[in-house]
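As stored in query_8.cif (mmCIF, C-alpha atoms):
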data_entry
#
loop_
_atom_site.label_atom_id
_atom_site.label_comp_id
_atom_site.auth_asym_id
_atom_site.auth_seq_id
_atom_site.Cartn_x
_atom_site.Cartn_y
_atom_site.Cartn_z
CA MET A 23 -16.93 -14.95 27.28
CA LYS A 24 -16.00 -13.17 24.04
CA PRO A 25 -18.90 -12.40 21.69
CA ASN A 26 -18.94 -13.82 18.20
CA ILE A 27 -18.83 -11.37 15.27
CA LEU A 28 -20.83 -11.63 12.05
CA LEU A 29 -19.84 -9.21 9.28
CA ILE A 30 -22.38 -9.18 6.43
CA VAL A 31 -21.28 -7.17 3.39
CA ILE A 32 -24.09 -7.17 0.82
CA ASP A 33 -22.43 -6.30 -2.46
CA SER A 34 -24.02 -3.38 -4.37
CA LEU A 35 -26.77 -2.70 -1.80
CA ARG A 36 -28.20 0.81 -2.02
CA ALA A 37 -28.97 2.33 1.37
CA ASP A 38 -32.32 3.73 0.24
CA ARG A 39 -33.68 0.29 -0.67
CA ILE A 40 -33.78 -0.95 2.94
CA PHE A 41 -34.22 2.23 5.02
CA GLY A 42 -35.99 5.56 4.76
CA LYS A 43 -38.93 7.04 2.90
CA GLN A 44 -37.83 5.59 -0.45
CA LYS A 45 -37.46 2.03 0.86
CA THR A 46 -38.87 -0.32 -1.76
CA ALA A 47 -37.62 -3.78 -0.83
CA SER A 48 -39.30 -6.21 1.53
CA SER A 49 -36.69 -6.97 4.21
CA PRO A 50 -38.47 -7.89 7.47
CA PHE A 51 -35.45 -9.50 9.14
CA ILE A 52 -33.18 -6.55 8.39
CA ASP A 53 -35.97 -4.28 9.66
CA SER A 54 -36.08 -6.21 12.93
CA LEU A 55 -32.30 -5.94 13.35
CA ILE A 56 -32.47 -2.18 12.74
CA LYS A 57 -35.07 -1.88 15.51
CA LYS A 58 -32.86 -3.84 17.91
CA GLY A 59 -29.64 -1.94 17.17
CA VAL A 60 -28.30 1.32 15.75
CA TYR A 61 -28.59 2.22 12.07
CA PHE A 62 -26.29 4.84 10.52
CA SER A 63 -28.30 6.57 7.80
CA ASN A 64 -25.37 8.62 6.50
CA ALA A 65 -22.61 6.03 6.09
CA ILE A 66 -20.15 6.62 3.25
CA THR A 67 -17.88 4.11 1.54
CA THR A 68 -14.35 4.84 0.33
CA SER A 69 -14.71 3.46 -3.22
CA GLN A 70 -17.00 1.67 -5.68
CA TYR A 71 -14.49 -1.18 -6.08
CA SER A 72 -14.95 -4.08 -3.66
CA SER A 73 -11.32 -4.92 -2.94
CA GLN A 74 -10.45 -1.29 -2.23
CA VAL A 75 -13.41 -1.06 0.13
CA MET A 76 -12.55 -4.26 1.98
CA GLN A 77 -8.95 -3.09 2.31
CA SER A 78 -10.26 0.13 3.87
CA ILE A 79 -12.55 -1.81 6.22
CA PHE A 80 -9.89 -4.25 7.39
CA THR A 81 -7.21 -1.58 7.85
CA ALA A 82 -9.45 1.33 9.01
CA ARG A 83 -7.54 3.50 6.53
CA PHE A 84 -8.26 5.69 3.58
CA LEU A 85 -6.45 4.39 0.51
CA LEU A 86 -4.21 6.82 -1.32
CA GLY A 87 -5.45 7.77 -4.76
CA ASP A 88 -3.17 10.14 -6.64
CA GLY A 89 -2.52 7.98 -9.69
CA THR A 90 0.71 6.56 -8.26
CA THR A 91 -0.93 3.25 -7.36
CA LYS A 92 -2.54 2.67 -10.74
CA LYS A 93 -2.07 -0.85 -12.17
CA ARG A 94 -0.67 -2.08 -8.85
CA TYR A 95 -2.47 -4.88 -7.07
CA THR A 96 -1.59 -5.38 -3.43
CA LYS A 97 -3.05 -8.08 -1.24
CA ILE A 98 -6.01 -6.97 0.83
CA HIS A 99 -4.63 -8.53 3.99
CA SER A 100 -1.28 -7.70 5.56
CA THR A 101 -0.41 -8.86 9.08
CA SER A 102 1.21 -5.49 9.78
CA THR A 103 -1.78 -3.36 8.76
CA SER A 104 -4.96 -5.46 8.91
CA LEU A 105 -7.01 -5.32 12.08
CA LEU A 106 -8.06 -8.91 11.40
CA SER A 107 -4.63 -9.81 12.80
CA LEU A 108 -5.66 -8.41 16.18
CA LEU A 109 -8.72 -10.64 16.28
CA LYS A 110 -6.57 -13.68 15.63
CA LYS A 111 -4.04 -12.55 18.23
CA TYR A 112 -6.79 -12.42 20.86
CA GLY A 113 -8.06 -15.90 20.13
CA TYR A 114 -10.72 -15.41 17.46
CA ASN A 115 -11.26 -18.05 14.81
CA THR A 116 -11.84 -16.37 11.45
CA TYR A 117 -14.03 -17.63 8.63
CA ALA A 118 -15.32 -16.22 5.36
CA ILE A 119 -17.34 -17.05 2.26
CA ILE A 120 -16.54 -14.56 -0.50
CA GLN A 121 -16.33 -14.35 -4.30
CA ASP A 122 -13.24 -15.63 -6.15
CA SER A 123 -11.88 -12.19 -7.08
CA LEU A 124 -11.76 -11.11 -3.42
CA SER A 125 -10.34 -14.41 -2.26
CA ALA A 126 -7.56 -14.21 -4.86
CA GLN A 127 -6.49 -10.78 -3.63
CA GLY A 128 -4.93 -12.10 -0.46
CA LEU A 129 -7.85 -13.14 1.73
CA LYS A 130 -7.69 -16.89 1.13
CA GLU A 131 -4.62 -17.16 3.40
CA THR A 132 -6.24 -15.02 6.09
CA PHE A 133 -9.19 -17.13 7.17
CA ASP A 134 -9.26 -20.52 8.87
CA ASN A 135 -11.56 -22.26 6.37
CA GLU A 136 -10.21 -23.53 3.07
CA ASP A 137 -13.62 -23.35 1.34
CA ILE A 138 -13.56 -19.56 1.43
CA SER A 139 -14.41 -18.69 -2.18
CA PHE A 140 -17.33 -19.03 -4.56
CA LYS A 141 -17.54 -18.41 -8.31
CA SER A 142 -19.20 -15.36 -9.84
CA GLU A 143 -22.03 -17.61 -11.09
CA ASP A 144 -22.86 -18.80 -7.57
CA ASN A 145 -25.82 -17.18 -5.83
CA LEU A 146 -28.55 -17.77 -3.27
CA TYR A 147 -30.68 -19.56 -5.88
CA ASN A 148 -28.16 -22.29 -6.67
CA GLY A 149 -26.75 -23.31 -3.31
CA LEU A 150 -24.66 -20.44 -1.94
CA GLY A 151 -27.08 -19.81 0.91
CA GLU A 152 -26.83 -23.43 2.03
CA ARG A 153 -23.04 -23.18 2.06
CA ILE A 154 -23.18 -20.07 4.23
CA LEU A 155 -25.58 -21.72 6.68
CA LYS A 156 -23.70 -25.01 6.76
CA LYS A 157 -20.50 -23.22 7.75
CA LEU A 158 -22.25 -21.88 10.86
CA ASP A 159 -22.70 -25.48 12.04
CA CYS A 160 -18.98 -26.20 12.16
CA ILE A 161 -17.23 -23.01 13.30
CA THR A 162 -15.63 -22.64 16.70
CA SER A 163 -16.33 -19.83 19.16
CA PRO A 164 -15.25 -17.14 19.54
CA TRP A 165 -15.62 -16.66 15.80
CA PHE A 166 -15.48 -13.88 13.24
CA TYR A 167 -17.52 -14.79 10.16
CA TYR A 168 -17.46 -12.57 7.06
CA ILE A 169 -19.98 -13.27 4.30
CA HIS A 170 -20.22 -11.27 1.08
CA PRO A 171 -23.16 -12.29 -1.16
CA GLU A 172 -23.15 -10.75 -4.64
CA ASP A 173 -26.72 -11.41 -5.73
CA LEU A 174 -27.38 -7.67 -6.17
CA HIS A 175 -24.35 -7.12 -8.38
CA THR A 176 -25.27 -6.44 -12.00
CA PRO A 177 -26.68 -8.37 -13.88
CA CYS A 178 -28.59 -9.25 -10.68
CA VAL A 179 -29.33 -12.86 -11.63
CA VAL A 180 -32.71 -14.40 -10.78
CA PRO A 181 -34.22 -17.82 -11.56
CA GLU A 182 -35.15 -18.40 -15.19
CA GLU A 183 -38.87 -18.11 -14.51
CA LEU A 184 -38.30 -14.56 -13.25
CA GLY A 185 -36.12 -13.51 -16.18
CA HIS A 186 -38.88 -11.25 -17.52
CA LEU A 187 -38.46 -8.88 -14.55
CA LYS A 188 -36.76 -5.53 -15.09
CA LEU A 189 -33.50 -4.80 -13.29
CA THR A 190 -35.12 -2.76 -10.52
CA GLU A 191 -37.58 -5.61 -9.85
CA ARG A 192 -34.83 -8.26 -9.84
CA TYR A 193 -32.86 -6.09 -7.47
CA ASP A 194 -35.66 -5.88 -4.89
CA ARG A 195 -36.42 -9.57 -5.33
CA ASN A 196 -32.82 -10.45 -4.51
CA ILE A 197 -32.83 -8.16 -1.47
CA PHE A 198 -35.77 -10.25 -0.23
CA GLU A 199 -33.75 -13.44 -0.83
CA ILE A 200 -30.75 -12.07 1.10
CA ASP A 201 -33.08 -10.96 3.89
CA SER A 202 -34.55 -14.47 4.04
CA LEU A 203 -31.02 -15.86 4.38
CA ILE A 204 -30.41 -13.47 7.28
CA GLY A 205 -33.59 -14.78 8.89
CA ARG A 206 -32.26 -18.34 8.65
CA ILE A 207 -28.91 -17.24 10.08
CA LEU A 208 -30.68 -15.66 13.06
CA LYS A 209 -32.22 -19.06 13.87
CA LYS A 210 -28.73 -20.55 14.16
CA ILE A 211 -27.02 -17.92 16.34
CA ASN A 212 -27.66 -16.28 19.70
CA LEU A 213 -28.02 -12.55 19.05
CA ASP A 214 -27.19 -11.75 22.68
CA GLU A 215 -23.81 -13.44 22.19
CA THR A 216 -23.11 -12.08 18.70
CA ILE A 217 -22.24 -8.66 17.29
CA ILE A 218 -23.77 -8.26 13.83
CA VAL A 219 -22.46 -5.63 11.43
CA LEU A 220 -24.43 -5.25 8.21
CA THR A 221 -23.17 -2.99 5.44
CA SER A 222 -22.36 -2.83 1.74
CA ASP A 223 -19.16 -2.23 -0.20
CA HIS A 224 -20.92 0.27 -2.49
CA GLY A 225 -24.30 1.14 -3.99
CA GLU A 226 -25.54 0.71 -7.53
CA TYR A 227 -27.38 2.67 -10.22
CA ILE A 228 -30.87 1.19 -10.09
CA SER A 229 -33.64 3.37 -11.45
CA SER A 230 -36.60 3.95 -9.13
CA MET A 231 -38.47 5.25 -12.18
CA GLN A 232 -38.66 1.83 -13.81
CA GLY A 233 -42.04 0.38 -12.96
CA ALA A 234 -43.10 -3.24 -12.98
CA LEU A 235 -43.57 -4.96 -16.31
CA LYS A 236 -47.08 -5.66 -17.47
CA GLU A 237 -48.00 -9.14 -16.35
CA SER A 238 -46.96 -11.66 -19.00
CA THR A 239 -48.94 -14.83 -19.56
CA ASN A 240 -47.38 -18.15 -18.61
CA ILE A 241 -47.43 -19.13 -22.29
CA LYS A 242 -45.43 -16.05 -23.31
CA ILE A 243 -42.88 -16.67 -20.55
CA SER A 244 -42.58 -20.33 -21.57
CA ILE A 245 -42.00 -19.39 -25.23
CA LYS A 246 -39.40 -16.78 -24.24
CA ASN A 247 -37.51 -19.26 -22.06
CA SER A 248 -37.56 -21.90 -24.81
CA ILE A 249 -36.06 -19.44 -27.30
CA LYS A 250 -33.40 -18.39 -24.79
CA LYS A 251 -32.22 -21.99 -24.45
CA LEU A 252 -31.41 -22.03 -28.18
CA ILE A 253 -29.20 -18.92 -27.98
CA PRO A 254 -25.56 -19.16 -26.77
CA ARG A 255 -25.11 -17.55 -23.34
CA THR A 256 -22.53 -15.02 -24.62
CA MET A 257 -24.89 -13.83 -27.35
CA LEU A 258 -27.79 -13.73 -24.88
CA THR A 259 -25.74 -11.49 -22.59
CA LYS A 260 -24.91 -9.13 -25.47
CA LEU A 261 -28.55 -8.96 -26.51
CA HIS A 262 -29.59 -8.26 -22.93
CA ASP A 263 -27.01 -5.47 -22.64
CA LYS A 264 -28.14 -3.91 -25.92
CA LYS A 265 -31.78 -4.05 -24.84
CA ARG A 266 -30.94 -2.49 -21.47
CA THR A 267 -28.91 0.26 -23.18
CA LEU A 268 -31.78 0.98 -25.59
CA ASP A 269 -34.31 1.04 -22.73
CA GLY A 270 -32.02 3.41 -20.84
CA LYS A 271 -31.69 5.78 -23.80
CA ILE A 272 -35.45 5.84 -24.33
CA SER A 273 -36.07 6.56 -20.64
CA ALA A 274 -33.24 9.13 -20.50
CA SER A 275 -34.76 11.02 -23.43
CA LYS A 276 -37.87 11.52 -21.30
CA THR A 277 -35.99 12.87 -18.27
CA ASN A 278 -34.45 16.26 -17.53
CA LYS A 279 -32.65 15.92 -14.20
CA PRO A 280 -28.94 14.94 -14.19
CA HIS A 281 -29.45 12.33 -11.46
CA GLU A 282 -32.11 10.61 -13.57
CA LYS A 283 -29.83 10.54 -16.62
CA ARG A 284 -26.97 9.11 -14.50
CA ILE A 285 -29.14 6.25 -13.33
CA LEU A 286 -30.34 5.38 -16.81
CA ALA A 287 -27.03 5.71 -18.66
CA ASP A 288 -25.19 2.83 -20.29
CA ARG A 289 -23.20 0.84 -17.69
CA ARG A 290 -20.08 1.24 -19.87
CA GLN A 291 -20.06 4.91 -18.81
CA TRP A 292 -20.43 3.95 -15.13
CA GLN A 293 -16.75 4.33 -14.22
CA ASN A 294 -16.87 8.08 -14.81
CA LYS A 295 -19.65 8.69 -12.29
CA VAL A 296 -18.75 6.47 -9.37
CA LEU A 297 -18.49 9.02 -6.56
CA PHE A 298 -22.09 10.20 -6.57
CA ASP A 299 -24.15 9.19 -3.55
CA ASP A 300 -25.97 6.48 -5.56
CA ILE A 301 -22.67 4.62 -5.23
CA VAL A 302 -20.92 5.88 -2.08
CA HIS A 303 -23.92 6.10 0.29
CA VAL A 304 -24.18 2.66 1.92
CA PRO A 305 -26.16 1.05 4.74
CA LEU A 306 -24.46 0.46 8.08
CA LEU A 307 -26.00 -1.34 11.04
CA PHE A 308 -24.61 -2.47 14.39
CA THR A 309 -26.78 -4.76 16.50
CA GLY A 310 -26.52 -7.62 18.98
CA HIS A 311 -24.21 -8.10 21.96
CA GLY A 312 -23.58 -4.93 23.99
CA ILE A 313 -25.60 -2.70 21.65
CA ASN A 314 -28.83 -1.12 22.87
CA SER A 315 -31.67 -0.12 20.59
CA MET A 316 -31.51 3.54 19.56
CA PRO A 317 -33.07 5.74 16.87
CA SER A 318 -31.08 5.90 13.65
CA THR A 319 -28.31 8.48 13.55
CA SER A 320 -27.69 10.81 10.59
CA GLN A 321 -24.12 11.61 11.67
CA GLN A 322 -21.74 11.14 8.73
CA VAL A 323 -19.54 8.07 9.29
CA SER A 324 -17.48 5.78 7.09
CA ASN A 325 -16.84 2.07 6.70
CA ILE A 326 -13.26 2.68 7.92
CA ASP A 327 -14.95 3.10 11.32
CA ILE A 328 -16.27 -0.48 11.40
CA PHE A 329 -13.25 -2.30 12.85
CA PRO A 330 -12.32 0.32 15.47
CA THR A 331 -15.92 0.02 16.68
CA ILE A 332 -15.83 -3.79 16.77
CA LEU A 333 -12.53 -3.82 18.64
CA GLU A 334 -13.72 -1.35 21.29
CA LEU A 335 -16.96 -3.31 21.77
CA ILE A 336 -14.99 -6.49 22.53
CA GLY A 337 -12.24 -4.75 24.51
CA ILE A 338 -9.27 -5.25 22.19
CA PRO A 339 -6.83 -2.31 22.07
CA ILE A 340 -5.71 -1.10 18.64
CA THR A 341 -1.93 -1.37 18.50
CA ILE A 342 -1.58 -0.79 14.76
CA GLN A 343 -0.58 2.78 13.90
CA ASN A 344 -1.72 5.25 11.26
CA ILE A 345 -5.41 4.49 10.99
CA GLN A 346 -8.04 7.09 10.18
CA GLY A 347 -11.10 5.11 11.27
CA ARG A 348 -12.62 5.93 14.64
CA SER A 349 -14.76 3.91 17.00
CA LEU A 350 -18.46 4.66 16.73
CA VAL A 351 -19.11 3.46 20.28
CA PRO A 352 -19.81 7.06 21.45
CA LEU A 353 -22.67 7.20 18.92
CA LEU A 354 -23.85 3.75 20.06
CA ARG A 355 -24.02 5.19 23.58
CA GLY A 356 -25.83 8.37 22.53
CA LYS A 357 -22.80 10.64 22.99
CA GLU A 358 -21.41 13.36 20.75
CA PHE A 359 -19.23 12.47 17.78
CA ASN A 360 -17.65 14.88 15.32
CA SER A 361 -17.67 13.88 11.66
CA ILE A 362 -14.46 14.08 9.64
CA PRO A 363 -14.03 14.57 5.87
CA ILE A 364 -14.26 11.23 4.07
CA TYR A 365 -11.74 10.56 1.32
CA MET A 366 -12.94 8.56 -1.70
CA THR A 367 -11.28 7.04 -4.75
CA SER A 368 -12.42 5.22 -7.90
CA SER A 369 -11.42 1.77 -9.12
CA ALA A 370 -9.51 3.36 -12.03
CA ILE A 371 -6.85 4.23 -9.45
CA ILE A 372 -5.53 0.67 -9.62
CA LEU A 373 -7.24 -0.92 -12.61
CA ASP A 374 -6.12 -0.47 -16.20
CA LEU A 375 -9.44 0.84 -17.51
CA PRO A 376 -9.45 2.24 -21.08
CA ASN A 377 -10.81 5.78 -21.35
CA LYS A 378 -11.57 5.90 -17.61
CA ASP A 379 -9.78 8.51 -15.55
CA PRO A 380 -9.13 7.89 -11.85
CA LEU A 381 -11.10 10.09 -9.47
CA VAL A 382 -10.53 11.32 -5.93
CA GLY A 383 -13.01 13.11 -3.75
CA ILE A 384 -14.02 14.41 -0.34
CA ARG A 385 -17.42 14.20 1.29
CA THR A 386 -18.35 16.28 4.32
CA PRO A 387 -21.83 16.44 5.90
CA ASN A 388 -22.49 19.56 3.79
CA PHE A 389 -20.60 19.18 0.51
CA LYS A 390 -19.45 16.56 -2.00
CA TYR A 391 -16.31 17.28 -4.05
CA PHE A 392 -14.51 15.10 -6.57
CA ARG A 393 -12.20 15.55 -9.54
CA ASN A 394 -9.57 13.86 -11.70
CA ALA A 395 -6.93 12.21 -9.49
CA ASP A 396 -3.99 13.48 -11.56
CA ASP A 397 -5.26 16.92 -12.60
CA PRO A 398 -7.11 19.06 -9.99
CA LYS A 399 -8.54 21.23 -12.78
CA LYS A 400 -10.15 18.38 -14.71
CA ASP A 401 -13.65 16.92 -14.19
CA VAL A 402 -14.28 19.09 -11.14
CA HIS A 403 -17.57 18.47 -9.31
CA LEU A 404 -18.95 20.22 -6.22
CA TYR A 405 -22.43 19.73 -4.76
CA ASP A 406 -24.28 21.35 -1.88
CA LEU A 407 -25.71 18.27 -0.17
CA ASN A 408 -28.08 20.21 2.09
CA ASN A 409 -29.85 22.03 -0.75
CA ASP A 410 -29.14 19.56 -3.55
CA PRO A 411 -29.12 16.02 -2.09
CA LEU A 412 -29.58 14.42 -5.53
CA GLU A 413 -26.43 16.18 -6.80
CA ASP A 414 -28.07 17.77 -9.82
CA ASN A 415 -26.34 21.18 -9.74
CA ASN A 416 -22.57 21.32 -10.04
CA ILE A 417 -21.52 24.54 -8.26
CA ALA A 418 -17.78 24.16 -8.81
CA ASN A 419 -17.60 27.43 -10.76
CA GLU A 420 -19.43 29.33 -8.02
CA ARG A 421 -17.71 28.22 -4.82
CA SER A 422 -13.94 28.41 -5.22
CA ASP A 423 -13.73 28.88 -1.43
CA ILE A 424 -15.21 25.43 -0.79
CA ILE A 425 -12.98 23.85 -3.45
CA LYS A 426 -9.93 25.38 -1.77
CA GLU A 427 -11.04 23.87 1.53
CA MET A 428 -11.62 20.48 -0.08
CA GLU A 429 -8.20 20.50 -1.75
CA SER A 430 -6.69 21.31 1.62
CA ASN A 431 -8.42 18.21 3.03
CA ILE A 432 -7.04 16.07 0.21
CA GLU A 433 -3.49 17.30 0.78
CA LYS A 434 -3.75 16.74 4.53
CA ILE A 435 -5.03 13.19 4.08
CA LYS A 436 -2.30 12.38 1.54
CA LYS A 437 0.31 13.51 4.07
CA ASP A 438 -1.24 11.58 6.93
CA VAL A 439 -1.97 8.33 5.11
CA LEU A 440 0.91 5.96 4.53
CA PRO A 441 0.81 3.65 1.49
CA LEU A 442 -0.18 0.13 2.46
CA ASP A 443 2.79 -2.20 2.65
CA GLY A 444 0.84 -5.19 1.41
CA GLU A 445 2.51 -7.86 -0.68
CA GLU A 446 2.06 -7.40 -4.42
CA LEU A 447 0.33 -10.11 -6.44
CA ASP A 448 2.18 -12.05 -9.10
CA GLU A 449 1.20 -12.08 -12.79
CA LYS A 450 -0.72 -15.36 -12.52
CA GLU A 451 -2.79 -14.02 -9.63
CA ILE A 452 -3.42 -10.75 -11.49
CA ARG A 453 -4.64 -12.58 -14.61
CA LYS A 454 -7.06 -14.62 -12.51
CA ILE A 455 -8.39 -11.50 -10.78
CA GLU A 456 -8.82 -9.59 -14.04
CA HIS A 457 -10.68 -12.56 -15.52
CA GLU A 458 -13.16 -12.41 -12.63
CA LEU A 459 -13.41 -8.60 -12.80
CA LYS A 460 -14.31 -8.76 -16.49
CA LYS A 461 -17.15 -11.16 -15.66
CA LEU A 462 -18.36 -8.70 -13.03
CA GLY A 463 -18.26 -5.76 -15.45
CA TYR A 464 -15.40 -3.77 -13.88
CA MET A 465 -13.04 -4.13 -16.86
#

Please express the file's structure as structure tokens.
Amino acid sequence: MKPNILLIVIDSLRADRIFGKQKTASSPFIDSLIKKGVYFSNAITTSQYSSQVMQSIFTARFLLGDGTTKKRYTKIHSTSTSLLSLLKKYGYNTYAIIQDSLSAQGLKETFDNEDISFKSEDNLYNGLGERILKKLDCITSPWFYYIHPEDLHTPCVVPEELGHLKLTERYDRNIFEIDSLIGRILKKINLDETIIVLTSDHGEYISSMQGALKESTNIKISIKNSIKKLIPRTMLTKLHDKKRTLDGKISASKTNKPHEKRILADRRQWQNKVLFDDIVHVPLLFTGHGINSMPSTSQQVSNIDIFPTILELIGIPITIQNIQGRSLVPLLRGKEFNSIPIYMTSSAIILDLPNKDPLVGIRTPNFKYFRNADDPKKDVHLYDLNNDPLEDNNIANERSDIIKEMESNIEKIKKDVLPLDGEELDEKEIRKIEHELKKLGYM
């Protein structure tokens, strides 16, 4: 009997919020899954842009980023490159519940359910969780079920009565809500018959220095909420953004370290600092059918390794050529596994973002390197991850030998990676996607 597969991609989830010494969120169900499976504490994503990441996951490929693909939208799923096609070929029924912008980029035709998408306003507080759970009651085994909640994505919406919470508090609160949903999912499935993969598309800049607000009285909260109802939502959003920017500037003026200033900067500057580990370090967990409990592994891996691992676990051979992802089954079995350089790109590679230059980078277990995608001499960053894990000290001017090695990696990957042959989206589809991306703060 083939195991079922549950892929949970928690949008914008920082790895350090659910695992490690800096864990701040309450996530008992995720904790229990980590104990039962294998957690990868050094998993790296390929981008900070969801559709690019999902394309990498489903194809097990790095995506080229040399400026040539800018302003080109290709569908995430292609039958000739996506490993989802192999699941369908071997009898899997495929289902998903994902946000509109992802669905519109070619995934709505890929899955068996028509009710695949939800709007950017939908969240676990207004019915999305019930939709996700209800779908479990009517899917047919063997199934592959991909869910992608966006409750952590800025502005990290919470119920009105919790609107007084700061961003870092809302963030942890919503992790708890997602964890509770996972607990309800676990009551509906048999873990021994299901492979669960939990990860994120990218991290987020959430300041750990922001403490809890002083407790407000119920009267103050009530007055605040009454005033908010009188203000148009668009104006309220602008006021919130201005307040957050002002708070960030005040906090940044009290800090000295570059990583602290990055976290507290205005989100409008976010696109120029998307390849730091706050963004590209993501959680990755395999648990369930055929996976024994093991201590976490710090081996550097990537989300392009997810599908090769799934396919080996269920015994499906990979017949699609030119993939860079590798099965992590050796690590799941306690065997040796050599890390490879991980190639990263920014969303500006394909989005028309004003004043935002596209970036490309390489991460190895020891160094992080990134620079302008079109000009190797522009915006050059190099960090020694062993001695400077917070990426405070740019040593690009001191280690030309490492930069030469990193550039060699970039050139090799660009030669090895073929452009995806996915179908391009039409103008109507692009307008719809860009409308959703603006609501999410990407454009």

Hits from the PyMOL selection byres ((chain A and resi 200) around 9), listed as a list of chain:residue names: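 Output of the PyMOL selection byres ((chain A and resi 200) around 9): A:Ile32, A:Ser49, A:Leu146, A:Gly151, A:Pro171, A:Asp173, A:Arg195, A:Asn196, A:Ile197, A:Phe198, A:Glu199, A:Asp201, A:Ser202, A:Leu203, A:Ile204, A:Gly205.
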
What does the file look like for those residues with C-alpha atoms, as a short mmCIF file (atom, residue, chain, number, x, y, z; two decimals), in the coordinates of the input?
data_model
loop_
_atom_site.label_atom_id
_atom_site.label_comp_id
_atom_site.auth_asym_id
_atom_site.auth_seq_id
_atom_site.Cartn_x
_atom_site.Cartn_y
_atom_site.Cartn_z
CA ILE A 32 -24.09 -7.17 0.82
CA SER A 49 -36.69 -6.97 4.21
CA LEU A 146 -28.55 -17.77 -3.27
CA GLY A 151 -27.08 -19.81 0.91
CA PRO A 171 -23.16 -12.29 -1.16
CA ASP A 173 -26.72 -11.41 -5.73
CA ARG A 195 -36.42 -9.57 -5.33
CA ASN A 196 -32.82 -10.45 -4.51
CA ILE A 197 -32.83 -8.16 -1.47
CA PHE A 198 -35.77 -10.25 -0.23
CA GLU A 199 -33.75 -13.44 -0.83
CA ASP A 201 -33.08 -10.96 3.89
CA SER A 202 -34.55 -14.47 4.04
CA LEU A 203 -31.02 -15.86 4.38
CA ILE A 204 -30.41 -13.47 7.28
CA GLY A 205 -33.59 -14.78 8.89
#

Which polymer residues have any atom within 8 Å of an atom of Val302 (chain A), counting all atoms listed in the file, with same-chain residues fewer than 4 positions away left out, as a PyMOL selection string? chain A and resi 66-70+224-225+296-298

I want to know what sits within 8 Å of Asn64 (chain A), based on only C-alpha atoms, with residues of the same chain fewer than 3 positions away left out; could you give that as a list in words?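 These residues fall inside the cut-off: His303, Val304, Pro305, Thr319, Ser320, Gln321, Gln322 and Val323 of chain A.
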
Quick one: everything within 7 Å of Gly310 (chain A), counting only C-alpha atoms, minus sequence neighbours fewer than 6 positions away in the same chain. Send it as a PyMOL selection string. chain A and resi 59+213-214+216-218

Run the PyMOL selection byres ((chain A and resi 155-158) around 12) against the file shown and list the residues it catches, as a PyMOL selection string. chain A and resi 26-28+116-119+134-138+146+149-154+159-163+165-169+202-212

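Proximity to Lys110 (chain A) was assessed for A:Gln74, A:Gly347, A:Arg284, A:Pro164 counting only C-alpha atoms; the smallest distance is recorded for A:Pro164.
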
With 6 Å of padding per side, what axis-aligned box (centre and edge lengths, Å, one decimal) covers all the listed atoms of region 99-117 of chain A? Give it as lines of an AutoDock Vina configuration file.
center_x = -6.4
center_y = -10.7
center_z = 12.4
size_x = 27.2
size_y = 26.7
size_z = 28.9

Tell me, in Å to one decimal, how far CA of Leu306 (chain A) is from CA of Asp33 (chain A).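 That distance, rounded to one decimal, is 12.7 Å.
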
Could you list the residues chosen by the PyMOL selection byres ((chain A and resi 354) around 8) in this structure as an MDAnalysis selection string? chainID A and resid 60 313:314 316 350:353 355:357

Please list, as an MDAnalysis selection string, the residues that have an atom at most 12 Å away from (-36.6, -5.3, -5.1) in the coordinates of this file, counting all atoms listed in the file. chainID A and resid 35:36 38:40 44:49 173:174 178 180 187:201 228:230 232:234

What would the file look like if the residues just selected were written as a short mmCIF file (atom, residue, chain, number, x, y, z; two decimals), in the coordinates of the input with C-alpha atoms?
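Okay, this is what ended up in selection.cif:
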data_model
loop_
_atom_site.label_atom_id
_atom_site.label_comp_id
_atom_site.auth_asym_id
_atom_site.auth_seq_id
_atom_site.Cartn_x
_atom_site.Cartn_y
_atom_site.Cartn_z
CA LEU A 35 -26.77 -2.70 -1.80
CA ARG A 36 -28.20 0.81 -2.02
CA ASP A 38 -32.32 3.73 0.24
CA ARG A 39 -33.68 0.29 -0.67
CA ILE A 40 -33.78 -0.95 2.94
CA GLN A 44 -37.83 5.59 -0.45
CA LYS A 45 -37.46 2.03 0.86
CA THR A 46 -38.87 -0.32 -1.76
CA ALA A 47 -37.62 -3.78 -0.83
CA SER A 48 -39.30 -6.21 1.53
CA SER A 49 -36.69 -6.97 4.21
CA ASP A 173 -26.72 -11.41 -5.73
CA LEU A 174 -27.38 -7.67 -6.17
CA CYS A 178 -28.59 -9.25 -10.68
CA VAL A 180 -32.71 -14.40 -10.78
CA LEU A 187 -38.46 -8.88 -14.55
CA LYS A 188 -36.76 -5.53 -15.09
CA LEU A 189 -33.50 -4.80 -13.29
CA THR A 190 -35.12 -2.76 -10.52
CA GLU A 191 -37.58 -5.61 -9.85
CA ARG A 192 -34.83 -8.26 -9.84
CA TYR A 193 -32.86 -6.09 -7.47
CA ASP A 194 -35.66 -5.88 -4.89
CA ARG A 195 -36.42 -9.57 -5.33
CA ASN A 196 -32.82 -10.45 -4.51
CA ILE A 197 -32.83 -8.16 -1.47
CA PHE A 198 -35.77 -10.25 -0.23
CA GLU A 199 -33.75 -13.44 -0.83
CA ILE A 200 -30.75 -12.07 1.10
CA ASP A 201 -33.08 -10.96 3.89
CA ILE A 228 -30.87 1.19 -10.09
CA SER A 229 -33.64 3.37 -11.45
CA SER A 230 -36.60 3.95 -9.13
CA GLN A 232 -38.66 1.83 -13.81
CA GLY A 233 -42.04 0.38 -12.96
CA ALA A 234 -43.10 -3.24 -12.98
#
